[in-house]
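As stored in work19.tsv (TSV, C-alpha atoms):
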chain	number	residue	atom	x	y	z
I	1	MET	CA	66.00	102.39	133.80
I	2	ALA	CA	65.68	99.76	136.53
I	3	GLU	CA	62.42	99.75	138.46
I	4	VAL	CA	62.53	101.09	142.02
I	5	HIS	CA	59.70	100.42	144.45
I	6	GLY	CA	58.56	102.29	147.55
I	7	THR	CA	58.02	105.95	148.29
I	8	ASN	CA	59.98	109.16	148.56
I	9	GLU	CA	59.17	112.82	148.99
I	10	PRO	CA	59.51	114.66	145.66
I	11	ARG	CA	62.57	116.63	146.81
I	12	PHE	CA	64.43	113.32	147.20
I	13	GLU	CA	63.78	112.14	143.64
I	14	ALA	CA	67.56	112.19	143.08
I	15	VAL	CA	67.93	109.48	145.72
I	16	ARG	CA	65.50	107.28	143.82
I	17	ALA	CA	67.29	108.04	140.54
I	18	THR	CA	70.65	107.15	142.10
I	19	LEU	CA	69.42	103.75	143.28
I	20	ALA	CA	67.80	103.12	139.89
I	21	ASP	CA	71.07	103.96	138.13
I	22	GLN	CA	73.09	101.66	140.39
I	23	LEU	CA	70.65	98.83	139.72
I	24	GLU	CA	70.65	99.55	135.99
I	25	THR	CA	74.44	99.58	135.65
I	26	GLY	CA	74.88	96.46	137.76
I	27	ALA	CA	76.70	98.29	140.55
I	28	ASP	CA	73.85	96.93	142.67
I	29	LEU	CA	72.01	93.64	142.29
I	30	GLY	CA	69.42	94.20	145.01
I	31	ALA	CA	69.33	97.04	147.52
I	32	SER	CA	67.26	99.23	149.80
I	33	VAL	CA	67.60	102.87	150.82
I	34	ALA	CA	65.95	104.73	153.67
I	35	VAL	CA	66.13	108.35	154.73
I	36	PHE	CA	64.53	109.39	158.02
I	37	LEU	CA	64.11	113.09	158.78
I	38	HIS	CA	62.91	114.29	162.19
I	39	GLY	CA	62.24	110.65	163.03
I	40	GLU	CA	59.96	109.99	160.06
I	41	PRO	CA	60.70	108.17	156.77
I	42	VAL	CA	60.96	110.53	153.79
I	43	VAL	CA	62.60	107.91	151.55
I	44	ASP	CA	61.82	104.19	151.77
I	45	ILE	CA	62.76	102.50	148.50
I	46	TRP	CA	64.11	99.21	147.20
I	47	GLY	CA	64.69	97.35	143.97
I	48	GLY	CA	66.57	94.70	142.07
I	49	TRP	CA	66.99	91.04	142.87
I	50	ALA	CA	67.33	89.02	146.06
I	51	ASP	CA	69.41	86.27	144.46
I	52	ALA	CA	72.34	86.04	142.08
I	53	ASP	CA	70.26	84.13	139.51
I	54	LYS	CA	67.68	86.95	139.41
I	55	THR	CA	64.73	84.68	140.16
I	56	ARG	CA	63.52	86.47	143.32
I	57	PRO	CA	62.85	90.20	143.34
I	58	TRP	CA	64.04	92.27	146.30
I	59	GLU	CA	60.79	92.90	148.20
I	60	ARG	CA	59.74	95.44	150.82
I	61	ASP	CA	60.53	92.98	153.62
I	62	THR	CA	63.71	91.46	152.16
I	63	ILE	CA	66.56	91.40	154.67
I	64	THR	CA	70.24	90.60	154.32
I	65	ASN	CA	73.44	90.32	156.36
I	66	VAL	CA	74.69	93.88	156.94
I	67	TRP	CA	78.07	92.91	158.45
I	68	SER	CA	79.58	95.68	160.59
I	69	THR	CA	76.59	97.97	160.32
I	70	THR	CA	75.39	95.57	163.04
I	71	LYS	CA	77.87	97.28	165.38
I	72	THR	CA	75.67	100.39	165.49
I	73	MET	CA	72.97	98.29	167.17
I	74	THR	CA	75.38	97.21	169.90
I	75	PHE	CA	76.31	100.86	170.41
I	76	VAL	CA	72.65	101.75	171.00
I	77	VAL	CA	72.41	98.97	173.61
I	78	ALA	CA	75.54	100.18	175.42
I	79	LEU	CA	74.36	103.81	175.35
I	80	MET	CA	71.01	102.78	176.80
I	81	LEU	CA	72.62	100.87	179.66
I	82	ALA	CA	74.94	103.81	180.35
I	83	ASP	CA	71.98	106.20	180.30
I	84	ARG	CA	70.26	103.97	182.88
I	85	LYS	CA	73.41	104.13	185.06
I	86	GLU	CA	73.90	100.37	184.75
I	87	LEU	CA	77.08	100.79	182.68
I	88	ASP	CA	79.94	103.25	183.21
I	89	PHE	CA	82.12	103.86	180.16
I	90	ASP	CA	84.98	104.93	182.45
I	91	ALA	CA	84.86	101.74	184.54
I	92	PRO	CA	87.28	98.86	183.95
I	93	VAL	CA	85.70	96.05	181.93
I	94	ALA	CA	86.61	93.76	184.85
I	95	THR	CA	84.10	95.64	187.04
I	96	TYR	CA	81.38	93.75	185.17
I	97	TRP	CA	83.43	90.78	183.94
I	98	PRO	CA	86.04	89.93	186.61
I	99	GLU	CA	87.75	87.16	184.62
I	100	PHE	CA	88.63	89.72	181.94
I	101	ALA	CA	91.36	91.22	184.15
I	102	ALA	CA	93.69	88.28	183.37
I	103	ASN	CA	96.98	88.79	181.54
I	104	GLY	CA	97.37	92.52	182.17
I	105	LYS	CA	93.89	93.67	181.14
I	106	GLN	CA	92.74	95.03	184.50
I	107	GLY	CA	93.16	98.62	183.27
I	108	ILE	CA	91.12	98.24	180.06
I	109	ARG	CA	88.02	100.43	180.36
I	110	VAL	CA	84.67	100.04	178.69
I	111	ARG	CA	85.39	103.11	176.56
I	112	HIS	CA	88.48	101.34	175.18
I	113	VAL	CA	86.25	98.53	173.94
I	114	MET	CA	83.77	101.01	172.44
I	115	GLY	CA	86.53	102.98	170.66
I	116	HIS	CA	88.55	100.03	169.28
I	117	THR	CA	91.50	100.93	171.53
I	118	ALA	CA	91.44	97.87	173.85
I	119	GLY	CA	94.26	96.09	172.03
I	120	LEU	CA	92.12	93.01	171.39
I	121	SER	CA	91.39	93.37	167.67
I	122	GLY	CA	91.60	89.60	167.13
I	123	TRP	CA	92.18	86.24	168.76
I	124	GLU	CA	95.65	84.95	169.58
I	125	GLU	CA	94.69	81.26	169.48
I	126	PRO	CA	93.47	79.78	166.18
I	127	LEU	CA	89.71	79.76	165.56
I	128	ALA	CA	87.67	78.13	162.81
I	129	ALA	CA	84.89	80.20	161.27
I	130	GLU	CA	82.23	77.99	162.89
I	131	ASP	CA	83.76	78.75	166.29
I	132	LEU	CA	82.20	82.22	166.03
I	133	ALA	CA	78.92	80.52	166.95
I	134	ASN	CA	80.48	79.33	170.23
I	135	TRP	CA	80.00	82.33	172.53
I	136	GLU	CA	81.77	80.83	175.53
I	137	LEU	CA	84.82	79.86	173.48
I	138	CYS	CA	85.12	83.30	171.89
I	139	ILE	CA	84.81	85.28	175.13
I	140	THR	CA	87.00	82.88	177.13
I	141	ARG	CA	89.81	83.23	174.59
I	142	LEU	CA	89.53	87.03	174.78
I	143	GLN	CA	89.51	87.13	178.57
I	144	GLU	CA	92.63	84.94	178.70
I	145	GLN	CA	94.84	86.74	176.19
I	146	ALA	CA	97.06	89.80	176.60
I	147	PRO	CA	96.46	93.02	174.64
I	148	TRP	CA	98.37	93.42	171.37
I	149	TRP	CA	99.22	97.09	172.09
I	150	VAL	CA	98.95	99.44	175.07
I	151	PRO	CA	95.21	99.92	175.61
I	152	GLY	CA	93.90	103.43	175.09
I	153	THR	CA	96.86	104.61	173.01
I	154	ALA	CA	95.49	104.04	169.50
I	155	SER	CA	92.60	102.47	167.66
I	156	GLY	CA	92.94	99.13	165.90
I	157	TYR	CA	89.70	98.01	164.31
I	158	HIS	CA	88.15	95.23	166.44
I	159	ALA	CA	86.40	93.75	163.40
I	160	LEU	CA	84.76	90.76	165.09
I	161	THR	CA	85.93	90.91	168.69
I	162	GLN	CA	84.18	94.17	169.55
I	163	GLY	CA	80.79	92.48	169.38
I	164	TYR	CA	81.80	89.74	171.79
I	165	LEU	CA	83.42	92.22	174.19
I	166	ILE	CA	80.42	94.57	174.28
I	167	GLY	CA	78.09	91.58	174.24
I	168	GLU	CA	79.67	89.92	177.25
I	169	ILE	CA	79.61	93.18	179.23
I	170	VAL	CA	75.90	93.45	178.39
I	171	ARG	CA	75.32	89.83	179.39
I	172	ARG	CA	77.04	90.34	182.75
I	173	ILE	CA	74.89	93.41	183.45
I	174	THR	CA	71.51	92.23	182.15
I	175	GLY	CA	71.73	88.46	182.55
I	176	THR	CA	70.70	87.95	178.94
I	177	SER	CA	72.44	87.87	175.57
I	178	ILE	CA	72.89	91.11	173.68
I	179	GLY	CA	70.78	89.79	170.78
I	180	SER	CA	67.87	89.02	173.11
I	181	TRP	CA	68.19	92.33	174.97
I	182	PHE	CA	68.36	94.23	171.69
I	183	ALA	CA	65.25	92.43	170.41
I	184	SER	CA	63.12	93.24	173.46
I	185	GLU	CA	64.45	96.69	174.41
I	186	VAL	CA	65.29	98.23	171.03
I	187	ALA	CA	63.80	96.48	167.98
I	188	LYS	CA	60.41	95.66	169.51
I	189	PRO	CA	59.58	99.15	170.88
I	190	LEU	CA	60.54	100.66	167.53
I	191	GLY	CA	58.85	97.99	165.41
I	192	ALA	CA	62.15	97.53	163.60
I	193	ASP	CA	62.83	94.50	161.44
I	194	PHE	CA	66.42	93.81	162.53
I	195	PHE	CA	67.92	90.72	164.16
I	196	ILE	CA	71.16	89.77	165.90
I	197	GLY	CA	70.59	86.02	165.73
I	198	LEU	CA	67.95	85.25	163.11
I	199	PRO	CA	64.94	83.03	163.97
I	200	PRO	CA	64.24	80.22	161.44
I	201	SER	CA	60.85	81.82	160.76
I	202	GLU	CA	62.59	84.66	158.90
I	203	ASP	CA	64.86	82.59	156.63
I	204	HIS	CA	62.46	82.73	153.68
I	205	ARG	CA	62.99	86.46	153.16
I	206	VAL	CA	66.78	86.58	153.46
I	207	SER	CA	68.77	87.66	150.44
I	208	ASN	CA	72.13	85.91	150.56
I	209	VAL	CA	75.01	88.32	150.11
I	210	ILE	CA	76.94	88.10	146.85
I	211	PRO	CA	80.62	87.74	147.83
I	212	PRO	CA	83.01	90.47	146.73
I	213	PRO	CA	85.85	89.92	144.27
I	214	PRO	CA	88.77	88.24	146.06
I	215	ILE	CA	91.61	90.44	147.28
I	216	ASP	CA	95.08	89.33	146.18
I	217	ILE	CA	97.22	89.94	149.25
I	218	ALA	CA	100.36	89.49	147.15
I	219	THR	CA	99.57	92.70	145.25
I	220	MET	CA	99.10	94.73	148.44
I	221	GLU	CA	102.71	94.90	149.61
I	222	GLY	CA	103.12	97.81	152.01
I	223	GLN	CA	99.38	98.03	152.61
I	224	VAL	CA	98.99	94.92	154.75
I	225	SER	CA	100.40	94.87	158.28
I	226	GLU	CA	100.96	91.89	160.52
I	227	LEU	CA	98.24	93.23	162.81
I	228	MET	CA	95.79	93.41	159.90
I	229	ILE	CA	96.50	89.79	159.01
I	230	LYS	CA	96.17	88.65	162.64
I	231	THR	CA	92.85	90.51	162.94
I	232	PHE	CA	91.20	89.51	159.68
I	233	MET	CA	92.61	86.03	159.08
I	234	ASN	CA	91.78	84.35	162.40
I	235	PRO	CA	89.32	83.05	161.56
I	236	PRO	CA	89.38	83.83	157.84
I	237	ILE	CA	85.93	85.11	156.91
I	238	ASP	CA	84.37	83.86	153.71
I	239	ALA	CA	81.34	85.97	152.81
I	240	THR	CA	79.41	82.76	152.06
I	241	ASN	CA	79.56	82.01	155.80
I	242	ALA	CA	76.56	84.34	155.96
I	243	HIS	CA	74.60	81.83	153.84
I	244	GLN	CA	74.99	79.13	156.48
I	245	GLU	CA	72.40	78.28	159.11
I	246	TRP	CA	74.97	78.27	161.93
I	247	TRP	CA	75.87	81.87	161.07
I	248	ARG	CA	72.28	83.08	161.00
I	249	ARG	CA	71.34	81.45	164.31
I	250	ALA	CA	74.44	82.63	166.18
I	251	GLU	CA	74.88	85.98	167.85
I	252	ILE	CA	77.92	87.56	166.22
I	253	PRO	CA	77.16	91.11	167.33
I	254	ALA	CA	79.82	92.83	165.24
I	255	ALA	CA	78.92	91.15	161.96
I	256	ASN	CA	75.78	89.01	161.57
I	257	GLY	CA	72.88	91.42	161.93
I	258	GLN	CA	70.10	90.85	159.42
I	259	GLY	CA	68.00	93.79	158.29
I	260	ASN	CA	67.36	96.31	155.54
I	261	ALA	CA	67.79	100.04	155.12
I	262	ARG	CA	64.40	100.80	156.70
I	263	SER	CA	65.11	98.84	159.88
I	264	VAL	CA	68.63	100.25	160.22
I	265	ALA	CA	67.38	103.82	159.81
I	266	ALA	CA	64.36	103.27	162.07
I	267	ILE	CA	66.65	102.24	164.93
I	268	GLN	CA	69.37	104.83	164.34
I	269	SER	CA	66.74	107.59	164.16
I	270	ILE	CA	66.79	107.27	167.97
I	271	ILE	CA	70.33	108.66	167.83
I	272	ALA	CA	69.37	111.37	165.32
I	273	GLY	CA	66.49	112.42	167.60
I	274	ARG	CA	68.68	112.56	170.72
I	275	GLY	CA	67.05	109.55	172.27
I	276	GLU	CA	63.54	109.74	170.80
I	277	ALA	CA	61.82	108.90	167.51
I	278	ARG	CA	58.18	108.53	166.48
I	279	GLY	CA	56.92	108.89	170.04
I	280	VAL	CA	59.32	106.28	171.47
I	281	ARG	CA	62.08	107.43	173.83
I	282	LEU	CA	64.89	104.98	174.53
I	283	LEU	CA	67.48	107.44	175.86
I	284	SER	CA	67.47	110.73	177.71
I	285	ALA	CA	68.32	113.81	175.65
I	286	ALA	CA	71.87	113.70	177.04
I	287	GLY	CA	72.18	109.95	176.55
I	288	THR	CA	73.67	110.28	173.08
I	289	ASP	CA	76.33	112.84	174.08
I	290	PRO	CA	79.03	110.22	174.77
I	291	ILE	CA	79.02	109.31	171.07
I	292	PHE	CA	80.89	112.52	170.28
I	293	GLU	CA	83.67	112.01	172.84
I	294	VAL	CA	86.71	111.27	170.69
I	295	GLN	CA	88.31	107.96	171.72
I	296	ALA	CA	91.05	107.80	169.11
I	297	GLU	CA	92.26	109.89	166.20
I	298	GLY	CA	94.91	109.00	163.66
I	299	ILE	CA	96.02	106.03	161.58
I	300	ASP	CA	94.16	102.93	162.70
I	301	LYS	CA	96.63	100.17	163.59
I	302	VAL	CA	94.56	97.49	161.80
I	303	LEU	CA	92.99	99.30	158.86
I	304	GLY	CA	96.02	101.47	158.12
I	305	VAL	CA	93.82	104.48	157.29
I	306	PRO	CA	92.92	107.64	159.26
I	307	GLU	CA	90.03	107.09	161.65
I	308	ARG	CA	88.36	109.32	164.22
I	309	MET	CA	86.57	107.10	166.69
I	310	GLY	CA	83.81	108.25	168.99
I	311	MET	CA	82.01	106.12	171.55
I	312	GLY	CA	81.41	103.28	169.11
I	313	TYR	CA	80.54	105.29	166.04
I	314	GLY	CA	82.97	106.91	163.64
I	315	LEU	CA	83.04	110.70	163.69
I	316	SER	CA	83.66	113.40	161.10
I	317	ASN	CA	87.09	112.81	159.59
I	318	PRO	CA	87.74	115.20	156.67
I	319	PRO	CA	88.39	114.61	153.87
I	320	ASP	CA	87.39	110.93	154.06
I	321	MET	CA	84.16	111.39	156.01
I	322	PRO	CA	83.31	115.13	156.07
I	323	LEU	CA	80.36	115.19	158.45
I	324	GLY	CA	78.97	117.84	160.79
I	325	PRO	CA	79.97	118.30	164.44
I	326	ARG	CA	77.00	116.25	165.69
I	327	ALA	CA	77.18	113.53	163.06
I	328	CYS	CA	78.39	109.95	163.21
I	329	TYR	CA	78.43	106.87	161.01
I	330	TRP	CA	79.42	103.28	160.50
I	331	GLY	CA	79.36	100.82	157.64
I	332	GLY	CA	79.66	97.15	156.86
I	333	TYR	CA	81.96	94.85	154.90
I	334	GLY	CA	80.93	95.02	151.26
I	335	GLY	CA	79.22	98.40	151.31
I	336	SER	CA	76.28	98.86	153.70
I	337	LEU	CA	76.26	102.26	155.40
I	338	VAL	CA	74.39	104.41	157.91
I	339	ILE	CA	75.04	108.10	158.54
I	340	ILE	CA	73.35	110.02	161.34
I	341	ASP	CA	73.28	113.81	161.84
I	342	GLN	CA	71.69	115.14	165.01
I	343	ASP	CA	71.72	118.79	163.91
I	344	ALA	CA	69.63	117.86	160.86
I	345	GLU	CA	67.78	115.03	162.69
I	346	LEU	CA	68.73	112.95	159.67
I	347	VAL	CA	69.52	109.28	159.07
I	348	VAL	CA	70.59	107.88	155.69
I	349	SER	CA	70.86	104.11	155.34
I	350	TYR	CA	71.90	101.93	152.42
I	351	VAL	CA	71.79	98.12	152.52
I	352	MET	CA	72.58	95.86	149.58
I	353	ASN	CA	73.39	92.25	148.71
I	354	ARG	CA	76.18	92.63	146.12
I	355	MET	CA	79.37	93.18	148.08
I	356	GLU	CA	82.34	95.21	146.88
I	357	ALA	CA	85.90	94.38	147.89
I	358	GLY	CA	87.48	96.04	150.91
I	359	VAL	CA	86.33	96.67	154.46
I	360	VAL	CA	85.96	100.45	154.42
I	361	GLY	CA	83.12	100.76	151.92
I	362	ASP	CA	82.76	101.98	148.34
I	363	LEU	CA	81.07	104.78	146.43
I	364	ARG	CA	77.52	103.39	146.22
I	365	GLY	CA	76.53	104.45	149.72
I	366	ALA	CA	78.33	107.77	149.26
I	367	ASN	CA	76.30	108.37	146.09
I	368	ILE	CA	73.09	107.86	148.06
I	369	VAL	CA	74.24	110.27	150.77
I	370	ALA	CA	75.19	112.90	148.17
I	371	ALA	CA	71.77	112.63	146.53
I	372	THR	CA	70.13	113.00	149.95
I	373	VAL	CA	72.11	116.16	150.68
I	374	GLU	CA	71.03	117.50	147.29
I	375	GLY	CA	67.40	116.90	148.30
I	376	LEU	CA	67.85	118.62	151.63
I	377	GLY	CA	69.24	121.67	149.82
I	378	ALA	CA	66.17	121.72	147.61
Kindly return the structure encoded in the file as structure tokens.
Amino acid sequence: MAEVHGTNEPRFEAVRATLADQLETGADLGASVAVFLHGEPVVDIWGGWADADKTRPWERDTITNVWSTTKTMTFVVALMLADRKELDFDAPVATYWPEFAANGKQGIRVRHVMGHTAGLSGWEEPLAAEDLANWELCITRLQEQAPWWVPGTASGYHALTQGYLIGEIVRRITGTSIGSWFASEVAKPLGADFFIGLPPSEDHRVSNVIPPPPIDIATMEGQVSELMIKTFMNPPIDATNAHQEWWRRAEIPAANGQGNARSVAAIQSIIAGRGEARGVRLLSAAGTDPIFEVQAEGIDKVLGVPERMGMGYGLSNPPDMPLGPRACYWGGYGGSLVIIDQDAELVVSYVMNRMEAGVVGDLRGANIVAATVEGLGA
């Protein structure tokens, strides 16, 4: 059996065994798992390799690109600003960002951006991948274009654009970039090892993601809509972009966060604890309530699958995501996942380097969650 490092309470031995099995079978190359209960870590484990050639072991402080799990960090920032009465989810985006009102967008509210219902799931004008590092270009293009559907009527996954939209609102309110604000107001108080825009000093401990098997669009007739293609193919994202220095240094708040399971869970334990964890309070007790206000429910116009969107986070959506009434989640391209349950004061996080195909996750994270639930029952 593959060796797994770190600690876990005895009742969560099945979580450790699950990670070991996934490493042993090759389902995982290198990965980390964290479970926080009542704000404290009860599982903090890792194992495998940090590189495809298996020359560097995955260490305690190894970090990797977690793709859309990064979005949960932007949600925390927005919730904090709303809790401080600096941001109103019901206000038009143009209240904070006047230029955004162009081309019929004056009625788009902040909650539409949070819930993927703003109609801006991609860029109209062509972008190269490296253009994602050009903040002004990305937000200017978004403020100039018209929505692709009537805002507020349905969700359509804003795969990359959501980070720029939330990020620019944050920048207009705070005067600083969302990555910088997150670093000083969220990561630092919690001592969490997570970055939106990675400093060069941390490059040595990054595990480059292993790209997923390619998807053959030709075999997916009936599953791929024009809106999906427009959203995901402009710019086309090659997973090896995450290996590049320009990607690491940029702030791409929907997709380029670097961290591990411990840092993801440490931050999201603030949500599980209704604003507080380990003696640090970032939100009032009521500050997390907006998460559970349903923003959209039904077939997502981009993903083509049923989604139930809260304020940023996904909500319980049986049978695909059967969570409790005060639970939420999100995951990242290739497989990373975080699930939060306020009733249980629980966070489960899984972060890995070997990506699976598809944008809505795979069974590895689900296996970890199932093993955690087994431990809770024990």
Each region 144-258 of chain I residue no farther than 12 Å from region 44-49 of chain I, nearest pair in Å, only C-alpha atoms, as JSON lines:
{"residue": "I:Arg205", "atom": "CA", "partner": "I:Trp49", "partner_atom": "CA", "distance": 12.0}
{"residue": "I:Val206", "atom": "CA", "partner": "I:Trp49", "partner_atom": "CA", "distance": 11.5}
{"residue": "I:Ser207", "atom": "CA", "partner": "I:Trp49", "partner_atom": "CA", "distance": 8.5}
{"residue": "I:Asn208", "atom": "CA", "partner": "I:Trp49", "partner_atom": "CA", "distance": 10.6}
{"residue": "I:Val209", "atom": "CA", "partner": "I:Trp49", "partner_atom": "CA", "distance": 11.1}
{"residue": "I:Ile210", "atom": "CA", "partner": "I:Trp49", "partner_atom": "CA", "distance": 11.1}
Discussion item. With 7 Å as the threshold, what does the neighbourhood of (72.0, 104.4, 160.6) contain in terms of residues, counting all atoms listed in the file? Coordinates are those of the file; answer as a PyMOL selection string.
Written reply: chain I and resi 264-265+268+329+338-340+347-349
Fill in: Minimum-distance residue to Ile368 (chain I), chosen among I:Ala78, I:Val351, I:Met233, I:Leu132 (using all atoms listed in the file)
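Of the candidates, the smallest distance to Ile368 (chain I) is held by I:Val351.
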Fill in: Nearest candidate to Pro199 (chain I) (options I:Gln143, I:Ser269, I:Gln258, I:Asn317; using only C-alpha atoms)
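Between I:Gln143, I:Ser269, I:Gln258, I:Asn317, the residue approaching Pro199 (chain I) most closely is I:Gln258.
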Discussion item. Please list as a list in words every residue within 12 Å of Gln145 (chain I), counting only C-alpha atoms and excluding residues in the same chain fewer than 4 positions away.
Written reply: Glu99, Phe100, Ala101, Ala102, Asn103, Gly104, Lys105, Gln106, Ala118, Gly119, Leu120, Ser121, Gly122, Trp123, Glu124, Glu125, Cys138, Ile139, Thr140, Arg141 and Trp149 of chain I
Practice prompt. Write out as number ranges by chain each polymer residue whose atoms come within 9 Å of region 236-247 of chain I, counting all atoms listed in the file; drop sequence neighbours fewer than 5 positions from it.
Written response: I: 65, 127-130, 132-133, 197-198, 200, 207-212, 252, 256, 355
Discussion item. Report, in Å to a single decimal, how far apart CA of Gly335 (chain I) and CA of Ala261 (chain I) are.
Written reply: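 Spanning CA of Ala261 (chain I) to CA of Gly335 (chain I) is a straight-line distance of 12.2 Å.
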Item to complete: Please measure the separation of CA of Ala159 (chain I) and CA of Asp362 (chain I), giving the value in Å to one decimal.
Response: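 That distance, rounded to one decimal, is 17.5 Å.
If all atoms listed in the file are the atoms counted, then among I:Ala255, I:Leu363, I:Val373, I:Ala272 the closest residue to His158 (chain I) is I:Ala255.
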